[in-house]
file start.txt (compact mmCIF, C-alpha atoms)
# COMPACT_ATOMS: atom_id res chain seq x y z
CA MET D 1 154.57 68.44 163.13
CA THR D 2 151.32 70.38 163.38
CA VAL D 3 148.55 69.10 161.11
CA VAL D 4 146.93 72.08 159.40
CA HIS D 5 144.39 70.19 157.33
CA ALA D 6 143.40 66.51 157.28
CA ARG D 7 140.87 64.35 155.51
CA SER D 8 137.48 64.64 157.17
CA LYS D 9 136.34 61.65 159.22
CA GLY D 10 133.18 61.93 157.19
CA LEU D 11 135.07 60.67 154.13
CA THR D 12 136.49 57.23 153.49
CA ASP D 13 140.02 56.66 152.15
CA ARG D 14 138.65 55.45 148.81
CA GLU D 15 139.92 57.25 145.68
CA THR D 16 136.99 58.74 143.77
CA HIS D 17 136.04 57.82 140.21
CA TYR D 18 135.22 61.39 139.21
CA CYS D 19 136.89 62.97 136.17
CA PRO D 20 139.81 65.38 136.77
CA GLY D 21 138.44 68.80 137.67
CA CYS D 22 134.97 67.54 138.61
CA THR D 23 133.76 69.38 141.68
CA HIS D 24 131.64 66.52 143.06
CA GLY D 25 134.61 65.78 145.32
CA ILE D 26 134.43 69.27 146.83
CA VAL D 27 130.73 68.89 147.53
CA HIS D 28 131.32 65.48 149.11
CA ARG D 29 133.91 67.03 151.41
CA LEU D 30 131.58 69.84 152.45
CA VAL D 31 128.78 67.42 153.32
CA ALA D 32 131.22 65.26 155.27
CA GLU D 33 132.68 68.19 157.21
CA VAL D 34 129.26 69.55 158.13
CA LEU D 35 128.07 66.17 159.40
CA VAL D 36 131.20 65.82 161.54
CA GLU D 37 131.12 69.36 162.90
CA GLU D 38 127.43 69.15 163.81
CA GLY D 39 127.83 65.76 165.48
CA LEU D 40 125.54 64.07 162.94
CA LEU D 41 127.99 61.72 161.23
CA ASN D 42 127.14 58.56 163.14
CA GLU D 43 123.40 59.07 162.66
CA ALA D 44 123.19 60.34 159.07
CA ILE D 45 121.61 58.33 156.26
CA GLY D 46 122.12 59.35 152.64
CA CYS D 47 120.18 58.41 149.51
CA ALA D 48 121.92 58.68 146.13
CA ALA D 49 120.19 58.19 142.80
CA VAL D 50 121.53 57.26 139.36
CA GLY D 51 124.15 59.66 138.03
CA CYS D 52 127.80 60.52 138.53
CA SER D 53 127.26 60.34 142.30
CA ILE D 54 125.65 56.89 142.41
CA LEU D 55 128.84 55.45 143.94
CA SER D 56 128.99 58.07 146.69
CA TYR D 57 128.51 55.31 149.25
CA ASN D 58 132.17 54.54 148.56
CA TYR D 59 133.27 58.02 149.64
CA LEU D 60 130.89 59.33 152.31
CA ASN D 61 131.47 57.59 155.64
CA VAL D 62 127.76 57.24 156.44
CA ASP D 63 125.03 54.70 155.72
CA MET D 64 123.94 55.17 152.10
CA VAL D 65 121.04 53.79 150.08
CA GLU D 66 121.20 53.53 146.29
CA SER D 67 117.96 54.63 144.65
CA ALA D 68 116.44 54.18 141.21
CA HIS D 69 116.88 57.07 138.78
CA GLY D 70 115.13 60.14 140.19
CA ARG D 71 113.63 58.30 143.15
CA ALA D 72 116.00 59.33 145.94
CA PRO D 73 113.46 61.74 147.51
CA ALA D 74 110.87 58.95 147.68
CA VAL D 75 113.40 56.58 149.24
CA ALA D 76 114.53 59.26 151.68
CA THR D 77 110.91 59.85 152.67
CA GLY D 78 110.58 56.23 153.69
CA VAL D 79 113.89 56.30 155.57
CA LYS D 80 112.98 59.48 157.43
CA ARG D 81 109.56 58.22 158.46
CA VAL D 82 111.12 55.08 159.88
CA HIS D 83 113.94 57.07 161.53
CA PRO D 84 112.37 60.49 162.23
CA ASN D 85 115.19 61.63 164.51
CA LYS D 86 118.06 60.88 162.14
CA PRO D 87 119.49 63.34 159.60
CA VAL D 88 118.45 62.06 156.18
CA PHE D 89 119.68 63.55 152.92
CA THR D 90 119.59 62.95 149.19
CA TYR D 91 122.55 63.63 146.92
CA GLN D 92 121.43 64.15 143.33
CA GLY D 93 122.54 65.56 139.99
CA ASP D 94 120.53 67.72 137.61
CA GLY D 95 119.80 65.02 135.04
CA ASP D 96 118.42 62.90 137.85
CA LEU D 97 116.55 65.43 139.98
CA ALA D 98 115.38 67.90 137.34
CA SER D 99 114.29 65.38 134.69
CA ILE D 100 113.11 61.89 135.61
CA GLY D 101 112.89 62.89 139.28
CA THR D 102 110.94 66.13 138.91
CA ALA D 103 107.75 64.74 140.41
CA GLU D 104 109.57 63.24 143.38
CA ILE D 105 111.40 66.44 144.32
CA VAL D 106 108.28 68.61 143.94
CA HIS D 107 106.11 66.33 146.05
CA VAL D 108 108.70 65.74 148.77
CA ALA D 109 108.89 69.52 149.11
CA HIS D 110 105.11 69.88 148.95
CA ARG D 111 104.72 67.39 151.80
CA GLY D 112 107.33 69.27 153.79
CA GLU D 113 109.34 66.13 154.41
CA LYS D 114 112.07 66.85 156.93
CA ILE D 115 114.99 65.84 154.73
CA THR D 116 117.84 67.75 153.07
CA THR D 117 118.60 67.55 149.35
CA ILE D 118 122.04 68.34 147.97
CA PHE D 119 121.37 69.12 144.31
CA VAL D 120 124.49 69.27 142.13
CA ASN D 121 123.82 71.20 138.91
CA ASN D 122 126.46 70.96 136.16
CA ALA D 123 124.05 71.70 133.29
CA ILE D 124 124.60 68.36 131.54
CA TYR D 125 124.13 64.61 131.77
CA GLY D 126 127.65 63.80 132.92
CA MET D 127 127.54 60.03 133.49
CA THR D 128 125.80 58.95 130.30
CA GLY D 129 127.76 60.89 127.68
CA GLY D 130 127.05 64.60 127.85
CA GLN D 131 123.46 64.83 126.65
CA MET D 132 121.25 67.88 127.09
CA ALA D 133 119.76 68.14 130.58
CA PRO D 134 116.82 70.26 131.76
CA THR D 135 119.45 72.66 133.11
CA THR D 136 121.58 72.96 129.93
CA LEU D 137 121.97 76.63 129.07
CA PRO D 138 120.66 78.27 125.87
CA GLY D 139 123.25 77.85 123.13
CA GLN D 140 125.29 75.36 125.18
CA LYS D 141 126.59 72.58 122.94
CA VAL D 142 126.03 69.00 124.07
CA THR D 143 126.03 65.63 122.36
CA THR D 144 122.28 65.70 121.69
CA ALA D 145 122.32 69.38 120.66
CA PRO D 146 125.61 69.84 118.76
CA ASP D 147 124.55 73.29 117.57
CA GLY D 148 123.58 74.34 121.08
CA ARG D 149 120.34 74.27 123.04
CA ASP D 150 117.59 76.05 121.11
CA PRO D 151 114.94 77.40 123.50
CA ALA D 152 112.41 77.48 120.65
CA HIS D 153 112.77 73.70 120.40
CA ALA D 154 113.78 72.57 123.91
CA GLY D 155 112.45 75.36 126.08
CA LEU D 156 114.44 77.34 128.62
CA PRO D 157 116.57 75.70 131.34
CA LEU D 158 114.71 74.77 134.50
CA ARG D 159 115.52 76.87 137.55
CA VAL D 160 114.97 74.24 140.22
CA ALA D 161 115.73 76.37 143.28
CA GLU D 162 113.26 79.06 142.24
CA MET D 163 110.60 76.42 141.56
CA ILE D 164 111.02 74.65 144.90
CA ALA D 165 111.14 77.94 146.80
CA GLN D 166 107.51 78.54 145.79
CA VAL D 167 106.34 75.29 147.39
CA PRO D 168 104.83 75.92 150.86
CA GLY D 169 106.46 72.83 152.40
CA ALA D 170 109.96 73.99 151.49
CA ALA D 171 111.58 75.60 154.52
CA TYR D 172 115.09 76.39 153.28
CA VAL D 173 116.28 76.81 149.67
CA GLU D 174 119.62 78.27 148.62
CA ARG D 175 121.76 78.20 145.49
CA VAL D 176 125.54 78.23 145.88
CA SER D 177 128.61 77.42 143.81
CA VAL D 178 132.06 75.90 144.26
CA HIS D 179 134.00 77.75 141.56
CA ASN D 180 136.43 79.51 143.95
CA PRO D 181 137.44 79.35 147.64
CA ALA D 182 135.05 82.09 148.75
CA ALA D 183 132.16 80.33 147.04
CA VAL D 184 133.15 77.02 148.63
CA ARG D 185 132.96 78.59 152.10
CA LYS D 186 129.49 79.95 151.36
CA ALA D 187 128.43 76.55 150.01
CA LYS D 188 129.49 74.88 153.24
CA LYS D 189 127.47 77.38 155.27
CA ALA D 190 124.41 76.68 153.12
CA ILE D 191 124.77 72.92 153.50
CA ARG D 192 125.10 73.39 157.25
CA ASN D 193 121.94 75.51 157.28
CA GLY D 194 120.12 72.84 155.31
CA PHE D 195 120.91 70.16 157.88
CA LEU D 196 120.19 72.46 160.82
CA CYS D 197 116.85 73.34 159.28
CA GLN D 198 116.00 69.65 159.05
CA MET D 199 117.08 68.85 162.60
CA ALA D 200 115.08 71.81 163.91
CA GLY D 201 111.98 70.28 162.30
CA HIS D 202 111.22 73.18 159.97
CA GLY D 203 110.59 71.12 156.85
CA PHE D 204 112.24 70.33 153.52
CA SER D 205 115.55 71.95 152.59
CA LEU D 206 117.29 72.06 149.21
CA ILE D 207 120.81 73.30 148.49
CA GLU D 208 121.53 73.70 144.79
CA VAL D 209 125.28 73.64 144.08
CA LEU D 210 126.53 74.88 140.71
CA SER D 211 129.25 72.47 139.66
CA THR D 212 131.56 71.77 136.72
CA CYS D 213 131.79 68.95 134.18
CA PRO D 214 135.09 69.48 132.34
CA THR D 215 134.76 66.25 130.34
CA GLY D 216 131.19 66.90 129.26
CA TRP D 217 131.88 70.54 128.53
CA GLY D 218 135.07 69.80 126.60
CA LEU D 219 137.10 72.23 128.72
CA SER D 220 140.07 72.05 131.06
CA PRO D 221 139.36 72.10 134.79
CA ILE D 222 140.48 75.73 135.05
CA GLU D 223 138.48 76.76 131.98
CA SER D 224 135.44 75.02 133.46
CA LEU D 225 135.57 77.11 136.64
CA LYS D 226 135.65 80.26 134.53
CA TRP D 227 132.83 79.00 132.29
CA LEU D 228 130.66 78.33 135.32
CA GLU D 229 131.26 81.81 136.67
CA ASP D 230 130.67 83.54 133.34
CA ASN D 231 127.73 81.49 132.07
CA MET D 232 125.94 79.56 134.80
CA ILE D 233 125.81 82.14 137.58
CA PRO D 234 124.13 84.83 135.40
CA TYR D 235 121.32 82.39 134.59
CA TYR D 236 121.31 80.68 137.99
CA PRO D 237 121.92 83.55 140.45
CA LEU D 238 123.34 82.62 143.85
CA GLY D 239 121.63 83.30 147.13
CA VAL D 240 118.95 82.30 149.64
CA LEU D 241 115.53 81.92 148.06
CA ARG D 242 113.63 80.75 151.13
CA ALA D 243 114.49 80.40 154.82
CA PRO D 244 112.63 79.89 158.10
CA GLU D 245 111.82 83.12 159.90
CA GLU D 246 113.92 81.97 162.84
CA ALA D 247 117.05 81.47 160.65

call {"tool": "encode", "arguments": {"input": "start.txt", "output": "structure tokens"}}
result
Amino acid sequence: MTVVHARSKGLTDRETHYCPGCTHGIVHRLVAEVLVEEGLLNEAIGCAAVGCSILSYNYLNVDMVESAHGRAPAVATGVKRVHPNKPVFTYQGDGDLASIGTAEIVHVAHRGEKITTIFVNNAIYGMTGGQMAPTTLPGQKVTTAPDGRDPAHAGLPLRVAEMIAQVPGAAYVERVSVHNPAAVRKAKKAIRNGFLCQMAGHGFSLIEVLSTCPTGWGLSPIESLKWLEDNMIPYYPLGVLRAPEEA
């Protein structure tokens, strides 16, 4: 029998803990496939911070380092400077990267550290109970804003990709999504570009991936994909925001 599709060697056989419909699993698979296809799997080192993805060392078949909340970029900086020829990446959520870790992500980009950040944005604190995150949309209802986010009180959601793209040390910044098969293919290409940018020595790369949180949003998995498309993409437009001239 011909095998059409098999589990990537970049993934372990461990069943994930993610909620049904969560798209973290898709993003894990894309990272794993890119590392395998680019011949980087046996050299890669990942840094995960506190959030839904903190247990990603169980699923990605690479060396992983757990980091304190928001500090994955700082940890990855140390790893990369000790192992300058290895592909080093952080895997972070929006509550982690865009809130307690804002300083770390800005300064790692400002220094032009040659690492790749996979930034999963689902517009909510998923692991800790569905609180408002810096990326929660205006009017979006969450446990700490049951009437919806009020920009007059909480400000507007933070557009991380646009912010990082303005930092001189950032070499490659792109925002993608995983809400349908076409978007997944584009997301994989972006993740590949992020790693290739790092290995070519251009500087810091960040791939923001719009993701779903069916449990936190109170929607079914299918409804969540539609909600992402209808609500998140208009506020967080997809596309390349910064790229090396050679790319």

call {"tool": "atom_distance", "arguments": {"input": "start.txt", "atom1": "atom CA of D:Asn85", "atom2": "atom CA of D:Arg185"}}
result
27.5 Å

call {"tool": "residues_around", "arguments": {"input": "start.txt", "residues": "D:Val31", "least_positions_apart": "6", "cutoff": "10 Å", "atoms": "all atoms listed in the file", "output": "ChimeraX atom specification"}}
result
/D:8,10-11,41,60,89,91,118,187-188,191-192,195

call {"tool": "closest_residue", "arguments": {"input": "start.txt", "among": "D:Ile222, D:Ala133, D:Leu238, D:Met199", "to": "D:Gly39", "atoms": "only C-alpha atoms"}}
result
D:Met199

call {"tool": "residues_near_point", "arguments": {"input": "start.txt", "point": "(118.6, 80.5, 148.0)", "cutoff": "10 Å", "atoms": "all atoms listed in the file", "output": "mmCIF file with C-alpha atoms, in the frame of the given file"}}
result
data_model
loop_
_atom_site.group_PDB
_atom_site.id
_atom_site.type_symbol
_atom_site.label_atom_id
_atom_site.label_comp_id
_atom_site.auth_asym_id
_atom_site.auth_seq_id
_atom_site.Cartn_x
_atom_site.Cartn_y
_atom_site.Cartn_z
ATOM 1 C CA ALA D 161 115.730 76.370 143.280
ATOM 2 C CA GLU D 162 113.260 79.060 142.240
ATOM 3 C CA ALA D 165 111.140 77.940 146.800
ATOM 4 C CA TYR D 172 115.090 76.390 153.280
ATOM 5 C CA VAL D 173 116.280 76.810 149.670
ATOM 6 C CA GLU D 174 119.620 78.270 148.620
ATOM 7 C CA ARG D 175 121.760 78.200 145.490
ATOM 8 C CA VAL D 176 125.540 78.230 145.880
ATOM 9 C CA ALA D 190 124.410 76.680 153.120
ATOM 10 C CA LEU D 206 117.290 72.060 149.210
ATOM 11 C CA ILE D 207 120.810 73.300 148.490
ATOM 12 C CA GLU D 208 121.530 73.700 144.790
ATOM 13 C CA PRO D 237 121.920 83.550 140.450
ATOM 14 C CA LEU D 238 123.340 82.620 143.850
ATOM 15 C CA GLY D 239 121.630 83.300 147.130
ATOM 16 C CA VAL D 240 118.950 82.300 149.640
ATOM 17 C CA LEU D 241 115.530 81.920 148.060
ATOM 18 C CA ARG D 242 113.630 80.750 151.130
ATOM 19 C CA ALA D 243 114.490 80.400 154.820
#

call {"tool": "closest_residue", "arguments": {"input": "start.txt", "among": "D:Thr77, D:Pro168, D:Glu223, D:Ile124", "to": "D:Arg149", "atoms": "all atoms listed in the file"}}
result
D:Ile124

call {"tool": "residues_around", "arguments": {"input": "start.txt", "residues": "D:Arg111", "least_positions_apart": "3", "cutoff": "8 Å", "atoms": "all atoms listed in the file", "output": "PyMOL selection string"}}
result
chain D and resi 107-108+169
